[in-house]
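The file protein_29.txt comes next; it holds compact mmCIF, C-alpha atoms and all ligand atoms.
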# COMPACT_ATOMS: atom_id res chain seq x y z
CA MET E 1 -3.14 -77.76 -7.12
CA ARG E 2 -5.40 -74.70 -6.70
CA THR E 3 -5.15 -73.16 -3.23
CA PRO E 4 -8.66 -72.31 -1.99
CA LEU E 5 -9.24 -68.57 -1.83
CA ILE E 6 -11.79 -66.84 0.41
CA VAL E 7 -12.26 -63.13 -0.25
CA ALA E 8 -14.21 -60.68 1.91
CA ASN E 9 -15.86 -57.95 -0.14
CA TRP E 10 -16.94 -55.40 2.42
CA LYS E 11 -18.37 -53.03 -0.22
CA MET E 12 -19.03 -49.59 1.34
CA ASN E 13 -18.83 -50.86 4.91
CA GLY E 14 -16.02 -50.47 7.41
CA THR E 15 -14.51 -47.31 8.85
CA VAL E 16 -10.84 -47.42 9.85
CA GLU E 17 -11.91 -48.06 13.43
CA GLU E 18 -14.29 -50.87 12.48
CA THR E 19 -11.67 -52.48 10.24
CA LEU E 20 -9.05 -52.53 12.98
CA LYS E 21 -11.56 -53.90 15.49
CA PHE E 22 -12.48 -56.64 13.02
CA LEU E 23 -8.84 -57.54 12.61
CA THR E 24 -8.17 -57.65 16.33
CA ARG E 25 -11.13 -59.99 16.89
CA PHE E 26 -10.22 -62.04 13.83
CA LYS E 27 -6.66 -62.53 15.11
CA ARG E 28 -7.95 -63.57 18.51
CA SER E 29 -10.50 -66.09 17.24
CA TRP E 30 -8.95 -67.55 14.10
CA LYS E 31 -6.84 -70.59 14.84
CA ALA E 32 -4.07 -71.31 12.40
CA PRO E 33 -5.76 -72.96 9.42
CA THR E 34 -5.53 -76.73 9.27
CA SER E 35 -5.49 -76.78 5.48
CA ALA E 36 -4.01 -74.24 3.13
CA VAL E 37 -6.52 -71.53 2.44
CA GLU E 38 -5.74 -68.03 1.29
CA VAL E 39 -7.73 -65.26 2.98
CA VAL E 40 -8.17 -61.77 1.53
CA LEU E 41 -9.87 -58.72 3.04
CA CYS E 42 -11.15 -55.98 0.73
CA PRO E 43 -12.27 -53.02 2.84
CA PRO E 44 -13.05 -49.55 1.44
CA PHE E 45 -10.08 -47.49 0.13
CA THR E 46 -10.01 -45.37 3.29
CA ALA E 47 -9.21 -48.36 5.51
CA LEU E 48 -6.47 -49.86 3.32
CA TYR E 49 -3.52 -48.03 4.82
CA SER E 50 -4.38 -48.88 8.42
CA LEU E 51 -5.13 -52.45 7.42
CA SER E 52 -1.79 -52.81 5.65
CA VAL E 53 0.06 -51.55 8.73
CA ALA E 54 -1.86 -53.96 10.95
CA LEU E 55 -1.28 -56.88 8.57
CA SER E 56 2.45 -56.24 8.44
CA GLU E 57 2.54 -57.71 11.95
CA GLY E 58 2.37 -61.15 10.42
CA LEU E 59 -1.23 -62.31 10.10
CA PRO E 60 -1.51 -64.63 7.06
CA VAL E 61 -4.17 -62.50 5.40
CA LYS E 62 -3.79 -60.50 2.20
CA MET E 63 -5.39 -57.26 1.21
CA GLY E 64 -7.39 -56.22 -1.83
CA ALA E 65 -9.32 -53.21 -3.12
CA GLN E 66 -12.73 -53.05 -4.75
CA ASN E 67 -12.18 -50.79 -7.75
CA CYS E 68 -9.56 -48.65 -9.49
CA SER E 69 -8.92 -46.47 -12.51
CA TRP E 70 -7.45 -47.86 -15.72
CA GLN E 71 -4.97 -44.98 -15.82
CA GLU E 72 -1.84 -44.56 -13.77
CA ASN E 73 -2.29 -40.84 -13.08
CA GLY E 74 -3.68 -37.68 -14.58
CA SER E 75 -6.61 -35.34 -14.41
CA LEU E 76 -9.19 -37.83 -13.18
CA THR E 77 -10.81 -36.24 -10.17
CA GLY E 78 -11.76 -38.77 -7.55
CA GLU E 79 -10.08 -41.77 -9.15
CA ILE E 80 -7.50 -44.13 -7.60
CA SER E 81 -4.72 -45.65 -9.65
CA PRO E 82 -3.58 -49.29 -9.49
CA SER E 83 -0.06 -48.19 -8.62
CA PHE E 84 -1.33 -46.29 -5.57
CA LEU E 85 -3.01 -49.51 -4.44
CA LYS E 86 0.13 -51.49 -5.11
CA GLU E 87 2.08 -49.04 -2.96
CA LEU E 88 -0.34 -49.70 -0.09
CA GLY E 89 0.24 -53.43 -0.37
CA CYS E 90 -2.86 -54.59 -2.25
CA HIS E 91 -2.38 -58.04 -3.74
CA TYR E 92 -5.88 -58.28 -5.20
CA LEU E 93 -8.39 -56.07 -6.98
CA ILE E 94 -12.06 -56.85 -7.41
CA LEU E 95 -13.04 -55.71 -10.90
CA GLY E 96 -16.30 -55.80 -12.82
CA HIS E 97 -18.50 -56.42 -9.81
CA SER E 98 -22.17 -56.30 -10.81
CA GLU E 99 -22.75 -53.28 -8.56
CA ARG E 100 -20.08 -51.40 -10.52
CA ARG E 101 -21.58 -52.57 -13.79
CA THR E 102 -25.18 -51.66 -12.99
CA LEU E 103 -24.95 -48.74 -10.54
CA PHE E 104 -21.87 -47.03 -11.99
CA GLY E 105 -22.23 -47.86 -15.66
CA GLU E 106 -19.06 -49.91 -16.07
CA THR E 107 -18.97 -51.60 -19.45
CA ASP E 108 -17.07 -54.70 -20.53
CA GLU E 109 -14.64 -52.39 -22.30
CA MET E 110 -13.94 -50.28 -19.22
CA ILE E 111 -13.48 -53.40 -17.12
CA SER E 112 -11.07 -54.87 -19.65
CA LYS E 113 -8.94 -51.70 -19.47
CA LYS E 114 -8.91 -51.92 -15.68
CA VAL E 115 -7.85 -55.57 -15.81
CA ALA E 116 -4.93 -54.65 -18.08
CA ALA E 117 -3.84 -51.75 -15.85
CA VAL E 118 -3.99 -53.90 -12.73
CA LEU E 119 -1.97 -56.71 -14.32
CA GLN E 120 0.70 -54.17 -15.29
CA GLN E 121 1.15 -53.52 -11.56
CA GLU E 122 1.36 -57.26 -10.86
CA ILE E 123 -1.81 -57.12 -8.82
CA THR E 124 -4.20 -60.07 -9.17
CA PRO E 125 -7.55 -59.12 -10.65
CA ILE E 126 -10.64 -60.83 -9.27
CA PHE E 127 -12.70 -60.53 -12.41
CA CYS E 128 -16.43 -60.76 -11.64
CA LEU E 129 -19.16 -61.83 -14.00
CA GLY E 130 -22.61 -63.34 -13.88
CA GLU E 131 -26.09 -63.24 -15.32
CA THR E 132 -29.15 -61.36 -14.06
CA GLY E 133 -32.36 -63.14 -13.05
CA PRO E 134 -34.16 -62.43 -16.34
CA GLU E 135 -31.10 -63.59 -18.30
CA ARG E 136 -31.13 -66.91 -16.44
CA GLU E 137 -34.88 -67.29 -16.88
CA GLY E 138 -34.45 -66.57 -20.59
CA GLY E 139 -31.89 -69.37 -20.90
CA LYS E 140 -29.08 -66.90 -21.66
CA THR E 141 -26.77 -67.60 -18.72
CA LEU E 142 -23.90 -69.21 -20.62
CA GLN E 143 -24.18 -66.75 -23.49
CA VAL E 144 -23.87 -63.81 -21.06
CA ILE E 145 -20.93 -65.42 -19.29
CA GLU E 146 -19.18 -66.01 -22.58
CA ARG E 147 -19.63 -62.39 -23.65
CA GLN E 148 -18.34 -61.07 -20.33
CA LEU E 149 -15.33 -63.40 -20.50
CA SER E 150 -14.36 -62.63 -24.06
CA GLN E 151 -14.89 -58.87 -23.81
CA GLY E 152 -13.51 -58.51 -20.29
CA ILE E 153 -10.45 -60.77 -20.31
CA GLY E 154 -10.29 -62.33 -23.78
CA GLY E 155 -7.39 -60.07 -24.72
CA VAL E 156 -5.21 -60.88 -21.72
CA GLU E 157 -1.98 -62.56 -22.86
CA ARG E 158 -1.23 -66.00 -21.50
CA GLY E 159 1.80 -64.77 -19.56
CA PHE E 160 -0.40 -62.34 -17.65
CA PHE E 161 -3.35 -64.69 -17.38
CA GLU E 162 -1.48 -66.77 -14.80
CA LYS E 163 -2.49 -64.22 -12.20
CA MET E 164 -6.17 -64.15 -13.09
CA VAL E 165 -8.88 -65.04 -10.61
CA ILE E 166 -12.45 -65.24 -11.91
CA ALA E 167 -15.52 -64.85 -9.70
CA TYR E 168 -18.86 -66.18 -10.89
CA GLU E 169 -21.52 -64.11 -9.17
CA PRO E 170 -25.07 -64.53 -10.46
CA VAL E 171 -26.57 -61.06 -10.00
CA TRP E 172 -29.83 -62.47 -8.65
CA ALA E 173 -27.92 -64.16 -5.81
CA ILE E 174 -25.98 -61.12 -4.60
CA GLY E 175 -27.19 -59.81 -1.26
CA THR E 176 -30.53 -61.58 -1.65
CA GLY E 177 -30.04 -64.60 0.59
CA LEU E 178 -30.94 -66.64 -2.50
CA SER E 179 -27.71 -68.39 -3.43
CA ALA E 180 -27.29 -70.47 -6.56
CA THR E 181 -27.41 -74.20 -5.93
CA PRO E 182 -24.00 -75.89 -5.92
CA GLN E 183 -25.04 -77.59 -9.19
CA GLN E 184 -25.97 -74.30 -10.87
CA ALA E 185 -22.67 -72.80 -9.74
CA GLN E 186 -20.67 -75.85 -10.81
CA GLU E 187 -22.26 -75.75 -14.27
CA ALA E 188 -21.21 -72.11 -14.72
CA HIS E 189 -17.73 -72.74 -13.29
CA HIS E 190 -17.21 -75.70 -15.57
CA PHE E 191 -18.22 -73.57 -18.55
CA ILE E 192 -15.77 -70.84 -17.48
CA ARG E 193 -12.90 -73.31 -17.06
CA ASP E 194 -13.67 -74.75 -20.44
CA TRP E 195 -13.55 -71.27 -21.95
CA VAL E 196 -10.15 -70.68 -20.34
CA ALA E 197 -8.92 -74.01 -21.75
CA LYS E 198 -10.05 -73.11 -25.25
CA GLN E 199 -8.78 -69.54 -25.21
CA LYS E 200 -5.66 -69.76 -23.06
CA GLY E 201 -4.73 -73.46 -23.00
CA THR E 202 -5.38 -76.37 -20.68
CA ALA E 203 -2.44 -75.61 -18.39
CA LEU E 204 -3.92 -72.23 -17.44
CA ALA E 205 -7.39 -73.72 -17.17
CA GLY E 206 -5.99 -76.15 -14.61
CA THR E 207 -4.46 -73.44 -12.45
CA THR E 208 -6.99 -70.60 -12.72
CA ARG E 209 -9.00 -70.15 -9.57
CA ILE E 210 -12.71 -69.63 -10.03
CA LEU E 211 -14.67 -68.31 -7.03
CA TYR E 212 -18.37 -68.42 -6.38
CA GLY E 213 -20.14 -65.35 -4.96
CA GLY E 214 -23.74 -64.60 -4.08
CA SER E 215 -25.17 -65.11 -0.59
CA VAL E 216 -22.34 -67.35 0.56
CA SER E 217 -22.86 -68.20 4.24
CA PRO E 218 -21.38 -70.40 6.97
CA GLN E 219 -24.24 -72.82 6.21
CA ASN E 220 -23.67 -73.22 2.48
CA ILE E 221 -19.92 -72.73 1.97
CA ALA E 222 -19.00 -76.41 2.30
CA SER E 223 -21.54 -77.46 -0.32
CA PHE E 224 -19.93 -75.09 -2.83
CA MET E 225 -16.38 -76.09 -1.95
CA ARG E 226 -17.18 -79.73 -2.65
CA GLU E 227 -17.76 -78.98 -6.34
CA ALA E 228 -14.89 -79.80 -8.68
CA ASP E 229 -14.57 -76.38 -10.31
CA ILE E 230 -15.29 -74.16 -7.31
CA ASP E 231 -12.02 -72.95 -5.79
CA GLY E 232 -13.24 -70.44 -3.25
CA ALA E 233 -15.73 -67.70 -2.52
CA LEU E 234 -16.26 -63.97 -2.79
CA VAL E 235 -18.26 -63.13 0.30
CA GLY E 236 -20.24 -59.94 0.88
CA GLY E 237 -22.68 -59.70 3.78
CA ALA E 238 -21.41 -62.73 5.69
CA SER E 239 -17.85 -61.37 5.71
CA LEU E 240 -18.72 -58.32 7.80
CA GLU E 241 -19.11 -60.27 10.99
CA VAL E 242 -15.98 -61.93 12.43
CA ASP E 243 -17.61 -65.15 13.59
CA SER E 244 -19.46 -65.87 10.38
CA PHE E 245 -16.40 -65.03 8.28
CA ILE E 246 -14.22 -67.37 10.35
CA ARG E 247 -16.78 -70.15 9.91
CA ILE E 248 -16.63 -69.58 6.17
CA VAL E 249 -12.83 -69.55 6.11
CA ASN E 250 -12.78 -72.78 8.13
CA TYR E 251 -15.46 -74.41 5.95
P1 LIG E 301 -23.22 -61.27 -0.83
O1 LIG E 301 -22.33 -60.39 -1.82
O2 LIG E 301 -22.34 -62.34 -0.25
O3 LIG E 301 -23.71 -60.29 0.21
O4 LIG E 301 -24.34 -61.85 -1.63
C1 LIG E 301 -21.37 -61.00 -2.64
C2 LIG E 301 -20.72 -59.98 -3.53
O5 LIG E 301 -21.39 -59.02 -3.93
O6 LIG E 301 -19.52 -60.09 -3.83

Taking this structure as input, can you express it in the form of structure tokens?
Amino acid sequence: MRTPLIVANWKMNGTVEETLKFLTRFKRSWKAPTSAVEVVLCPPFTALYSLSVALSEGLPVKMGAQNCSWQENGSLTGEISPSFLKELGCHYLILGHSERRTLFGETDEMISKKVAAVLQQEITPIFCLGETGPEREGGKTLQVIERQLSQGIGGVERGFFEKMVIAYEPVWAIGTGLSATPQQAQEAHHFIRDWVAKQKGTALAGTTRILYGGSVSPQNIASFMREADIDGALVGGASLEVDSFIRIVNY
């Protein structure tokens, strides 16, 4: 009922040349998937155009971006609008990633405005949330998740919510090699699905895809995908290398 979704978040890695090389090698090595799995590559902005041209040749991979403005245009030096990304062929947008929250000061309110702007363009937001290490140790994980959900996407109308993808990424697991256990992730995912059911209805809770992110690797992907409420992964480090990404996609 929920097609598994594997998303590569390359962060600030990947020149145009490196992106095209990745794609060439990916095409060569990736056999047609045996089961339905949706694959998305999110390179830096500068590689999106070349990637979209290369993807138009028929590879079953979609494209996403890692950030955008909440405005459509205007005097916002250095910003990129959702409609520009739509024009390039982006189907997905990673929003609210913990690196944006902590290193670039993005608040729940800013993220919620970005989600709304992206949905207006019919792009699918991949809304990220997750607790820090001290928050988990202090027993505040579910409380933090609930706040991020209600302030980030609580206001999204049901009709728009159909497009929503949520990514649970415990901050302490990102880029550390220290992933959550499948049980810890499942507990958070179950809580998130329950929140969607209460706020948006059980039908949407049944169809909303919830991804796990944080040190996903070829070794641990299958253990996450076995959990009832884990529908895919948002992969950072292990998505930069073709072989390890293919092993994840073929979990
Ligand atoms: P990681 O990053 O897989 O390198 O931990 C995940 C993410 O930040 O989305």

Inset, instruction - Write out as number ranges by chain each polymer residue whose atoms come within 9 Å of range 205-214 of chain E, counting all atoms listed in the file; drop sequence neighbours fewer than 2 positions from it. - result: E: 1-7, 126, 128, 161-180, 185-186, 189, 192-198, 200-203, 216, 224, 229-236

Quick one: residues within 10 Å of Gly89 in chain E, all atoms listed in the file counted, chain neighbours fewer than 5 positions away excluded, as a short mmCIF file (atom, residue, chain, number, x, y, z; two decimals) with C-alpha atoms, keeping the file's coordinate frame?
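As a result, out.cif now contains:
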data_model
loop_
_atom_site.label_atom_id
_atom_site.label_comp_id
_atom_site.auth_asym_id
_atom_site.auth_seq_id
_atom_site.Cartn_x
_atom_site.Cartn_y
_atom_site.Cartn_z
CA LEU E 48 -6.47 -49.86 3.32
CA TYR E 49 -3.52 -48.03 4.82
CA LEU E 51 -5.13 -52.45 7.42
CA SER E 52 -1.79 -52.81 5.65
CA VAL E 53 0.06 -51.55 8.73
CA LEU E 55 -1.28 -56.88 8.57
CA SER E 56 2.45 -56.24 8.44
CA LYS E 62 -3.79 -60.50 2.20
CA MET E 63 -5.39 -57.26 1.21
CA GLY E 64 -7.39 -56.22 -1.83
CA ALA E 65 -9.32 -53.21 -3.12
CA SER E 83 -0.06 -48.19 -8.62
CA PHE E 84 -1.33 -46.29 -5.57
CA ILE E 123 -1.81 -57.12 -8.82
#

If I put a ball of radius 12 Å at (-23.6, -63.9, -20.9) in the file's coordinates, which residues poke into it when counting all atoms listed in the file, written as a PDB file with C-alpha atoms, keeping the file's coordinate frame?
ATOM      1  CA  ASP E 108     -17.070 -54.700 -20.530  1.00  0.00           C
ATOM      2  CA  LEU E 129     -19.160 -61.830 -14.000  1.00  0.00           C
ATOM      3  CA  GLY E 130     -22.610 -63.340 -13.880  1.00  0.00           C
ATOM      4  CA  GLU E 131     -26.090 -63.240 -15.320  1.00  0.00           C
ATOM      5  CA  THR E 132     -29.150 -61.360 -14.060  1.00  0.00           C
ATOM      6  CA  GLY E 133     -32.360 -63.140 -13.050  1.00  0.00           C
ATOM      7  CA  PRO E 134     -34.160 -62.430 -16.340  1.00  0.00           C
ATOM      8  CA  GLU E 135     -31.100 -63.590 -18.300  1.00  0.00           C
ATOM      9  CA  ARG E 136     -31.130 -66.910 -16.440  1.00  0.00           C
ATOM     10  CA  GLY E 138     -34.450 -66.570 -20.590  1.00  0.00           C
ATOM     11  CA  GLY E 139     -31.890 -69.370 -20.900  1.00  0.00           C
ATOM     12  CA  LYS E 140     -29.080 -66.900 -21.660  1.00  0.00           C
ATOM     13  CA  THR E 141     -26.770 -67.600 -18.720  1.00  0.00           C
ATOM     14  CA  LEU E 142     -23.900 -69.210 -20.620  1.00  0.00           C
ATOM     15  CA  GLN E 143     -24.180 -66.750 -23.490  1.00  0.00           C
ATOM     16  CA  VAL E 144     -23.870 -63.810 -21.060  1.00  0.00           C
ATOM     17  CA  ILE E 145     -20.930 -65.420 -19.290  1.00  0.00           C
ATOM     18  CA  GLU E 146     -19.180 -66.010 -22.580  1.00  0.00           C
ATOM     19  CA  ARG E 147     -19.630 -62.390 -23.650  1.00  0.00           C
ATOM     20  CA  GLN E 148     -18.340 -61.070 -20.330  1.00  0.00           C
ATOM     21  CA  LEU E 149     -15.330 -63.400 -20.500  1.00  0.00           C
ATOM     22  CA  SER E 150     -14.360 -62.630 -24.060  1.00  0.00           C
ATOM     23  CA  GLN E 151     -14.890 -58.870 -23.810  1.00  0.00           C
ATOM     24  CA  GLY E 152     -13.510 -58.510 -20.290  1.00  0.00           C
ATOM     25  CA  TYR E 168     -18.860 -66.180 -10.890  1.00  0.00           C
ATOM     26  CA  GLU E 169     -21.520 -64.110  -9.170  1.00  0.00           C
ATOM     27  CA  PRO E 170     -25.070 -64.530 -10.460  1.00  0.00           C
ATOM     28  CA  VAL E 171     -26.570 -61.060 -10.000  1.00  0.00           C
ATOM     29  CA  ALA E 188     -21.210 -72.110 -14.720  1.00  0.00           C
ATOM     30  CA  PHE E 191     -18.220 -73.570 -18.550  1.00  0.00           C
ATOM     31  CA  ILE E 192     -15.770 -70.840 -17.480  1.00  0.00           C
TER      32      ILE E 192
END

Inset, instruction - Compile the contact shell of Arg247 in chain E as a ChimeraX atom specification: residues with an atom at most 9 Å away, counting only C-alpha atoms, same-chain residues fewer than 3 positions apart removed. - result: /E:217-219,221,242-244,250-251

Would you write out those residues with C-alpha atoms, as a PDB file, keeping the file's coordinate frame?
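Generated file (again_1.pdb):
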ATOM      1  CA  SER E 217     -22.860 -68.200   4.240  1.00  0.00           C
ATOM      2  CA  PRO E 218     -21.380 -70.400   6.970  1.00  0.00           C
ATOM      3  CA  GLN E 219     -24.240 -72.820   6.210  1.00  0.00           C
ATOM      4  CA  ILE E 221     -19.920 -72.730   1.970  1.00  0.00           C
ATOM      5  CA  VAL E 242     -15.980 -61.930  12.430  1.00  0.00           C
ATOM      6  CA  ASP E 243     -17.610 -65.150  13.590  1.00  0.00           C
ATOM      7  CA  SER E 244     -19.460 -65.870  10.380  1.00  0.00           C
ATOM      8  CA  ASN E 250     -12.780 -72.780   8.130  1.00  0.00           C
ATOM      9  CA  TYR E 251     -15.460 -74.410   5.950  1.00  0.00           C
TER      10      TYR E 251
END

Inset, instruction - Calculate how many Å separate CA of Pro125 in chain E from CA of Gly96 in chain E, rounding to one decimal. - result: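 That distance, rounded to one decimal, is 9.6 Å.
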
Inset, instruction - Please indicate the distance in Å from CA of Thr124 in chain E to CA of Glu18 in chain E, rounded to one decimal place. - result: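 If I compute the distance from CA of Thr124 in chain E to CA of Glu18 in chain E, I get 25.6 Å.
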
Restore N, CA, C and O atoms in range 144-160 of chain E and list the result as a PDB file, in the coordinates of the input.
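Saved result, result.pdb, follows:
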ATOM      1  N   VAL E 144     -24.298 -65.040 -21.757  1.00  0.00           N
ATOM      2  CA  VAL E 144     -23.870 -63.810 -21.060  1.00  0.00           C
ATOM      3  C   VAL E 144     -22.470 -64.003 -20.485  1.00  0.00           C
ATOM      4  O   VAL E 144     -21.594 -63.139 -20.619  1.00  0.00           O
ATOM      5  N   ILE E 145     -22.247 -65.155 -19.883  1.00  0.00           N
ATOM      6  CA  ILE E 145     -20.930 -65.420 -19.290  1.00  0.00           C
ATOM      7  C   ILE E 145     -19.860 -65.389 -20.377  1.00  0.00           C
ATOM      8  O   ILE E 145     -18.793 -64.795 -20.208  1.00  0.00           O
ATOM      9  N   GLU E 146     -20.163 -65.987 -21.495  1.00  0.00           N
ATOM     10  CA  GLU E 146     -19.180 -66.010 -22.580  1.00  0.00           C
ATOM     11  C   GLU E 146     -18.858 -64.604 -23.078  1.00  0.00           C
ATOM     12  O   GLU E 146     -17.698 -64.261 -23.308  1.00  0.00           O
ATOM     13  N   ARG E 147     -19.881 -63.771 -23.206  1.00  0.00           N
ATOM     14  CA  ARG E 147     -19.630 -62.390 -23.650  1.00  0.00           C
ATOM     15  C   ARG E 147     -18.767 -61.648 -22.631  1.00  0.00           C
ATOM     16  O   ARG E 147     -17.796 -60.976 -22.986  1.00  0.00           O
ATOM     17  N   GLN E 148     -19.109 -61.788 -21.353  1.00  0.00           N
ATOM     18  CA  GLN E 148     -18.340 -61.070 -20.330  1.00  0.00           C
ATOM     19  C   GLN E 148     -16.886 -61.555 -20.301  1.00  0.00           C
ATOM     20  O   GLN E 148     -15.967 -60.755 -20.138  1.00  0.00           O
ATOM     21  N   LEU E 149     -16.694 -62.858 -20.477  1.00  0.00           N
ATOM     22  CA  LEU E 149     -15.330 -63.400 -20.500  1.00  0.00           C
ATOM     23  C   LEU E 149     -14.567 -62.856 -21.697  1.00  0.00           C
ATOM     24  O   LEU E 149     -13.452 -62.331 -21.549  1.00  0.00           O
ATOM     25  N   SER E 150     -15.157 -62.975 -22.886  1.00  0.00           N
ATOM     26  CA  SER E 150     -14.360 -62.630 -24.060  1.00  0.00           C
ATOM     27  C   SER E 150     -14.115 -61.134 -24.130  1.00  0.00           C
ATOM     28  O   SER E 150     -13.013 -60.702 -24.479  1.00  0.00           O
ATOM     29  N   GLN E 151     -15.118 -60.314 -23.737  1.00  0.00           N
ATOM     30  CA  GLN E 151     -14.890 -58.870 -23.810  1.00  0.00           C
ATOM     31  C   GLN E 151     -14.083 -58.343 -22.626  1.00  0.00           C
ATOM     32  O   GLN E 151     -13.388 -57.350 -22.736  1.00  0.00           O
ATOM     33  N   GLY E 152     -14.208 -59.000 -21.488  1.00  0.00           N
ATOM     34  CA  GLY E 152     -13.510 -58.510 -20.290  1.00  0.00           C
ATOM     35  C   GLY E 152     -12.060 -58.974 -20.215  1.00  0.00           C
ATOM     36  O   GLY E 152     -11.158 -58.185 -19.921  1.00  0.00           O
ATOM     37  N   ILE E 153     -11.818 -60.258 -20.499  1.00  0.00           N
ATOM     38  CA  ILE E 153     -10.450 -60.770 -20.310  1.00  0.00           C
ATOM     39  C   ILE E 153      -9.937 -61.580 -21.501  1.00  0.00           C
ATOM     40  O   ILE E 153      -8.862 -62.165 -21.424  1.00  0.00           O
ATOM     41  N   GLY E 154     -10.713 -61.571 -22.601  1.00  0.00           N
ATOM     42  CA  GLY E 154     -10.290 -62.330 -23.780  1.00  0.00           C
ATOM     43  C   GLY E 154      -8.941 -61.891 -24.312  1.00  0.00           C
ATOM     44  O   GLY E 154      -8.172 -62.690 -24.845  1.00  0.00           O
ATOM     45  N   GLY E 155      -8.627 -60.605 -24.151  1.00  0.00           N
ATOM     46  CA  GLY E 155      -7.390 -60.070 -24.720  1.00  0.00           C
ATOM     47  C   GLY E 155      -6.173 -60.214 -23.819  1.00  0.00           C
ATOM     48  O   GLY E 155      -5.069 -59.814 -24.194  1.00  0.00           O
ATOM     49  N   VAL E 156      -6.351 -60.775 -22.644  1.00  0.00           N
ATOM     50  CA  VAL E 156      -5.210 -60.880 -21.720  1.00  0.00           C
ATOM     51  C   VAL E 156      -4.244 -61.960 -22.217  1.00  0.00           C
ATOM     52  O   VAL E 156      -4.643 -63.103 -22.450  1.00  0.00           O
ATOM     53  N   GLU E 157      -2.988 -61.589 -22.371  1.00  0.00           N
ATOM     54  CA  GLU E 157      -1.980 -62.560 -22.860  1.00  0.00           C
ATOM     55  C   GLU E 157      -1.768 -63.674 -21.843  1.00  0.00           C
ATOM     56  O   GLU E 157      -1.897 -63.468 -20.645  1.00  0.00           O
ATOM     57  N   ARG E 158      -1.390 -64.834 -22.376  1.00  0.00           N
ATOM     58  CA  ARG E 158      -1.230 -66.000 -21.500  1.00  0.00           C
ATOM     59  C   ARG E 158      -0.272 -65.737 -20.330  1.00  0.00           C
ATOM     60  O   ARG E 158      -0.516 -66.160 -19.215  1.00  0.00           O
ATOM     61  N   GLY E 159       0.812 -65.031 -20.604  1.00  0.00           N
ATOM     62  CA  GLY E 159       1.800 -64.770 -19.560  1.00  0.00           C
ATOM     63  C   GLY E 159       1.200 -64.002 -18.389  1.00  0.00           C
ATOM     64  O   GLY E 159       1.566 -64.214 -17.229  1.00  0.00           O
ATOM     65  N   PHE E 160       0.261 -63.120 -18.702  1.00  0.00           N
ATOM     66  CA  PHE E 160      -0.400 -62.340 -17.650  1.00  0.00           C
ATOM     67  C   PHE E 160      -1.556 -63.107 -17.036  1.00  0.00           C
ATOM     68  O   PHE E 160      -1.936 -62.882 -15.898  1.00  0.00           O
TER      69      PHE E 160
END
